file start_21.pdb (PDB, C-alpha atoms)
ATOM      1  CA  GLN I 148       0.000   0.000   0.000
ATOM      2  CA  VAL I 149       1.248   3.498  -0.835
ATOM      3  CA  GLN I 150       1.895   5.769   2.170
ATOM      4  CA  LEU I 151       1.298   9.466   1.521
ATOM      5  CA  VAL I 152       2.547  12.625   3.255
ATOM      6  CA  GLU I 153       1.225  16.027   2.163
ATOM      7  CA  SER I 154       3.095  19.276   2.786
ATOM      8  CA  GLY I 155       3.397  22.859   1.589
ATOM      9  CA  GLY I 156       0.234  24.376   2.984
ATOM     10  CA  GLY I 157       0.115  27.669   4.831
ATOM     11  CA  LEU I 158      -1.478  31.080   5.155
ATOM     12  CA  VAL I 159      -1.494  33.273   2.043
ATOM     13  CA  GLN I 160      -3.299  36.403   0.925
ATOM     14  CA  ALA I 161      -5.869  36.301  -1.836
ATOM     15  CA  GLY I 162      -4.137  36.378  -5.203
ATOM     16  CA  GLY I 163      -1.102  34.609  -3.843
ATOM     17  CA  SER I 164       0.398  31.225  -4.666
ATOM     18  CA  LEU I 165       1.329  27.996  -2.925
ATOM     19  CA  ARG I 166       2.860  24.731  -4.052
ATOM     20  CA  LEU I 167       1.713  21.566  -2.339
ATOM     21  CA  SER I 168       3.713  18.342  -2.379
ATOM     22  CA  CYS I 169       2.673  14.773  -1.727
ATOM     23  CA  ALA I 170       5.483  12.320  -1.062
ATOM     24  CA  ALA I 171       4.649   8.664  -1.527
ATOM     25  CA  SER I 172       6.482   5.641  -0.247
ATOM     26  CA  GLY I 173       6.511   2.307  -2.001
ATOM     27  CA  ARG I 174       7.910   1.081  -5.265
ATOM     28  CA  THR I 175       4.591   1.073  -7.119
ATOM     29  CA  PHE I 176       3.929   4.836  -7.117
ATOM     30  CA  ASN I 177       4.202   5.087 -10.886
ATOM     31  CA  ASN I 178       1.477   2.443 -11.272
ATOM     32  CA  TYR I 179      -1.119   4.816  -9.805
ATOM     33  CA  ALA I 180      -2.969   7.844 -11.050
ATOM     34  CA  MET I 181      -2.981  10.444  -8.278
ATOM     35  CA  GLY I 182      -5.423  13.115  -7.239
ATOM     36  CA  TRP I 183      -5.794  16.098  -4.948
ATOM     37  CA  PHE I 184      -8.961  16.632  -2.954
ATOM     38  CA  ARG I 185      -9.921  19.253  -0.394
ATOM     39  CA  GLN I 186     -12.302  19.652   2.486
ATOM     40  CA  ALA I 187     -13.425  22.980   3.902
ATOM     41  CA  PRO I 188     -14.982  23.260   7.366
ATOM     42  CA  GLY I 189     -18.569  22.052   7.338
ATOM     43  CA  LYS I 190     -18.381  20.901   3.736
ATOM     44  CA  GLU I 191     -18.004  17.614   1.909
ATOM     45  CA  ARG I 192     -14.625  16.593   0.599
ATOM     46  CA  GLU I 193     -14.352  17.590  -3.071
ATOM     47  CA  PHE I 194     -12.204  16.744  -6.065
ATOM     48  CA  VAL I 195      -9.581  19.280  -7.130
ATOM     49  CA  ALA I 196      -7.308  17.695  -9.741
ATOM     50  CA  SER I 197      -5.895  14.365 -10.890
ATOM     51  CA  ILE I 198      -3.066  13.102 -13.088
ATOM     52  CA  ASN I 199      -2.513   9.777 -14.803
ATOM     53  CA  ARG I 200       0.320   7.408 -13.939
ATOM     54  CA  SER I 201       2.755   8.832 -16.477
ATOM     55  CA  GLY I 202       1.875  12.495 -15.955
ATOM     56  CA  GLY I 203       0.651  12.911 -19.509
ATOM     57  CA  ASN I 204      -3.036  13.523 -18.789
ATOM     58  CA  THR I 205      -4.743  15.655 -16.180
ATOM     59  CA  ARG I 206      -8.245  16.512 -14.993
ATOM     60  CA  TYR I 207      -9.434  19.545 -13.022
ATOM     61  CA  ALA I 208     -12.491  20.701 -11.170
ATOM     62  CA  ASP I 209     -14.110  23.660 -12.898
ATOM     63  CA  SER I 210     -13.492  25.816  -9.836
ATOM     64  CA  VAL I 211      -9.707  25.574 -10.198
ATOM     65  CA  LYS I 212      -9.190  25.339 -13.967
ATOM     66  CA  GLY I 213      -6.682  27.873 -15.179
ATOM     67  CA  ARG I 214      -5.417  28.556 -11.643
ATOM     68  CA  PHE I 215      -4.117  25.197 -10.395
ATOM     69  CA  THR I 216      -1.666  22.804 -12.059
ATOM     70  CA  ILE I 217      -1.085  19.206 -11.024
ATOM     71  CA  SER I 218       2.170  17.479 -11.904
ATOM     72  CA  ARG I 219       4.238  14.520 -10.773
ATOM     73  CA  ASP I 220       7.842  13.375 -10.641
ATOM     74  CA  ASN I 221       7.879   9.581 -10.645
ATOM     75  CA  ALA I 222      11.632   9.502  -9.989
ATOM     76  CA  LYS I 223      10.944  11.296  -6.693
ATOM     77  CA  ASN I 224       7.655   9.529  -5.920
ATOM     78  CA  THR I 225       6.030  12.934  -5.557
ATOM     79  CA  VAL I 226       2.941  14.654  -6.895
ATOM     80  CA  TYR I 227       2.552  18.444  -6.786
ATOM     81  CA  LEU I 228      -0.254  20.974  -6.868
ATOM     82  CA  GLU I 229       0.749  24.455  -7.976
ATOM     83  CA  MET I 230      -1.938  26.909  -6.850
ATOM     84  CA  ASN I 231      -2.049  30.434  -8.246
ATOM     85  CA  SER I 232      -4.524  33.308  -7.954
ATOM     86  CA  LEU I 233      -5.768  31.841  -4.700
ATOM     87  CA  LYS I 234      -9.185  32.841  -3.396
ATOM     88  CA  PRO I 235     -10.635  32.699   0.116
ATOM     89  CA  GLU I 236     -12.935  29.909  -1.067
ATOM     90  CA  ASP I 237      -9.840  27.759  -1.707
ATOM     91  CA  THR I 238      -9.342  27.570   2.068
ATOM     92  CA  ALA I 239      -9.445  23.889   3.042
ATOM     93  CA  VAL I 240      -7.395  20.898   4.101
ATOM     94  CA  TYR I 241      -5.852  19.412   0.967
ATOM     95  CA  TYR I 242      -5.288  15.683   0.576
ATOM     96  CA  CYS I 243      -3.620  13.534  -2.045
ATOM     97  CA  VAL I 244      -4.782  10.012  -2.798
ATOM     98  CA  PRO I 245      -4.517   7.434  -5.584
ATOM     99  CA  VAL I 246      -7.448   7.695  -7.991
ATOM    100  CA  ASN I 247      -8.982   5.334 -10.516
ATOM    101  CA  GLU I 248      -7.867   5.438 -14.126
ATOM    102  CA  TYR I 249      -9.400   4.243 -17.340
ATOM    103  CA  TYR I 250      -7.646   3.095 -20.487
ATOM    104  CA  SER I 251      -8.716   4.138 -23.957
ATOM    105  CA  ALA I 252      -6.975   3.995 -27.315
ATOM    106  CA  GLY I 253      -3.607   3.366 -25.792
ATOM    107  CA  VAL I 254      -3.808   6.166 -23.223
ATOM    108  CA  TYR I 255      -4.536   6.200 -19.483
ATOM    109  CA  TYR I 256      -6.924   8.895 -18.243
ATOM    110  CA  PRO I 257      -7.313   9.876 -14.586
ATOM    111  CA  THR I 258     -10.708  10.088 -12.940
ATOM    112  CA  ALA I 259     -12.067  12.064  -9.993
ATOM    113  CA  THR I 260     -12.764   8.916  -7.954
ATOM    114  CA  PRO I 261     -10.466   7.912  -5.090
ATOM    115  CA  LYS I 262      -9.053   4.438  -5.489
ATOM    116  CA  SER I 263      -9.363   3.681  -1.811
ATOM    117  CA  ASP I 264     -10.684   5.131   1.390
ATOM    118  CA  TYR I 265      -7.189   5.727   2.751
ATOM    119  CA  TRP I 266      -6.497   9.400   3.411
ATOM    120  CA  GLY I 267      -3.347  10.991   4.805
ATOM    121  CA  GLN I 268      -3.270  13.810   7.352
ATOM    122  CA  GLY I 269      -3.607  16.503   4.697
ATOM    123  CA  THR I 270      -2.127  19.985   4.631
ATOM    124  CA  GLN I 271      -4.016  23.141   5.628
ATOM    125  CA  VAL I 272      -4.341  25.976   3.113
ATOM    126  CA  THR I 273      -5.782  29.244   4.381
ATOM    127  CA  VAL I 274      -6.402  32.164   2.039
ATOM    128  CA  SER I 275      -7.132  35.510   3.648
ATOM    129  CA  SER I 276      -9.142  38.214   1.909
TER     130      SER I 276
END
call {"tool": "encode", "arguments": {"input": "start_21.pdb", "output": "structure tokens"}}
result
Amino acid sequence: QVQLVESGGGLVQAGGSLRLSCAASGRTFNNYAMGWFRQAPGKEREFVASINRSGGNTRYADSVKGRFTISRDNAKNTVYLEMNSLKPEDTAVYYCVPVNEYYSAGVYYPTATPKSDYWGQGTQVTVSS
């Protein structure tokens, strides 16, 4: 099983940027698509972004398209979330988790569905107005 540790959160003003990292242990990291999710106080956990196993395909929630970028470095067993133009409504605890993938015409595509119910401790992002 992949163990995940998120980091990089903090307090930032609206319009600012943060880069989150998710370090994974285990030799099978590059067999998994990965995703970022977030949960704000009193709200359901929601999908933010996902990336396929090779890093060649990504998917984003409409609320973050054009502002957030997901990427991965399989040599470092790490997935990143670059967050720009942050808004107060981006305030949440951010989690990374393996997600399901589907295969079509020779390409893997990431989904917005967690592969398991295992969640790490997350990293807090707070955006002040």
call {"tool": "closest_residue", "arguments": {"input": "start_21.pdb", "among": "I:Ala239, I:Ala259, I:Val254, I:Val274", "to": "Ala187 in chain I", "atoms": "all atoms listed in the file"}}
result
I:Ala239
call {"tool": "closest_atom_pairs", "arguments": {"input": "start_21.pdb", "of": "range 171-205 of chain I", "to": "range 152-163 of chain I", "cutoff": "12 Å", "atoms": "all atoms listed in the file", "output": "CSV"}}
result
residue,atom,partner,partner_atom,distance
I:Ala171,CA,I:Val152,CA,6.6
I:Ser172,CA,I:Val152,CA,8.7
I:Gly182,CA,I:Glu153,CA,11.9
I:Trp183,CA,I:Glu153,CA,10.0
I:Phe184,CA,I:Glu153,CA,11.4
I:Arg185,CA,I:Gly156,CA,11.9
call {"tool": "atom_distance", "arguments": {"input": "start_21.pdb", "atom1": "CA of Glu193 in chain I", "atom2": "CA of Asp209 in chain I"}}
result
11.6 Å
call {"tool": "resolve_selection", "arguments": {"input": "start_21.pdb", "expression": "the PyMOL selection byres ((chain I and resi 262) around 6)", "output": "ChimeraX atom specification"}}
result
/I:245-247,261,263
call {"tool": "closest_residue", "arguments": {"input": "start_21.pdb", "among": "I:Tyr250, I:Tyr256, I:Tyr241, I:Tyr207", "to": "Gln268 in chain I", "atoms": "only C-alpha atoms"}}
result
I:Tyr241
call {"tool": "atom_distance", "arguments": {"input": "start_21.pdb", "atom1": "CA of Thr225 in chain I", "atom2": "CA of Glu191 in chain I"}}
result
25.6 Å
call {"tool": "atom_distance", "arguments": {"input": "start_21.pdb", "atom1": "CA of Thr238 in chain I", "atom2": "CA of Leu167 in chain I"}}
result
13.3 Å
call {"tool": "resolve_selection", "arguments": {"input": "start_21.pdb", "expression": "the PyMOL selection byres ((chain I and resi 228) around 10)", "output": "PDB file with C-alpha atoms, in the coordinates of the input"}}
result
ATOM      1  CA  GLY I 155       3.397  22.859   1.589  1.00  0.00           C
ATOM      2  CA  LEU I 165       1.329  27.996  -2.925  1.00  0.00           C
ATOM      3  CA  ARG I 166       2.860  24.731  -4.052  1.00  0.00           C
ATOM      4  CA  LEU I 167       1.713  21.566  -2.339  1.00  0.00           C
ATOM      5  CA  SER I 168       3.713  18.342  -2.379  1.00  0.00           C
ATOM      6  CA  CYS I 169       2.673  14.773  -1.727  1.00  0.00           C
ATOM      7  CA  GLY I 182      -5.423  13.115  -7.239  1.00  0.00           C
ATOM      8  CA  TRP I 183      -5.794  16.098  -4.948  1.00  0.00           C
ATOM      9  CA  VAL I 195      -9.581  19.280  -7.130  1.00  0.00           C
ATOM     10  CA  ALA I 196      -7.308  17.695  -9.741  1.00  0.00           C
ATOM     11  CA  SER I 197      -5.895  14.365 -10.890  1.00  0.00           C
ATOM     12  CA  PHE I 215      -4.117  25.197 -10.395  1.00  0.00           C
ATOM     13  CA  THR I 216      -1.666  22.804 -12.059  1.00  0.00           C
ATOM     14  CA  ILE I 217      -1.085  19.206 -11.024  1.00  0.00           C
ATOM     15  CA  SER I 218       2.170  17.479 -11.904  1.00  0.00           C
ATOM     16  CA  ARG I 219       4.238  14.520 -10.773  1.00  0.00           C
ATOM     17  CA  VAL I 226       2.941  14.654  -6.895  1.00  0.00           C
ATOM     18  CA  TYR I 227       2.552  18.444  -6.786  1.00  0.00           C
ATOM     19  CA  GLU I 229       0.749  24.455  -7.976  1.00  0.00           C
ATOM     20  CA  MET I 230      -1.938  26.909  -6.850  1.00  0.00           C
ATOM     21  CA  ASN I 231      -2.049  30.434  -8.246  1.00  0.00           C
ATOM     22  CA  TYR I 241      -5.852  19.412   0.967  1.00  0.00           C
ATOM     23  CA  CYS I 243      -3.620  13.534  -2.045  1.00  0.00           C
TER      24      CYS I 243
END
call {"tool": "resolve_selection", "arguments": {"input": "start_21.pdb", "expression": "the PyMOL selection byres ((chain I and resi 200) around 9)", "output": "MDAnalysis selection string"}}
result
chainID I and resid 176:181 198:199 201:204 219 221 248 255:257
call {"tool": "closest_residue", "arguments": {"input": "start_21.pdb", "among": "I:Gly173, I:Pro235, I:Leu151, I:Ser164", "to": "Tyr265 in chain I", "atoms": "all atoms listed in the file"}}
result
I:Leu151
call {"tool": "closest_residue", "arguments": {"input": "start_21.pdb", "among": "I:Asn224, I:Thr273, I:Thr260, I:Ser251", "to": "Pro188 in chain I", "atoms": "all atoms listed in the file"}}
result
I:Thr273
call {"tool": "axis_aligned_box", "arguments": {"input": "start_21.pdb", "around": "range 205-208 of chain I", "padding_each_side": "4 Å", "output": "AutoDock Vina command-line options"}}
result
--center_x -8.6 --center_y 18.2 --center_z -13.7 --size_x 15.7 --size_y 13.0 --size_z 13.0
call {"tool": "closest_residue", "arguments": {"input": "start_21.pdb", "among": "I:Thr175, I:Lys234, I:Arg206, I:Tyr242", "to": "Gly269 in chain I", "atoms": "only C-alpha atoms"}}
result
I:Tyr242
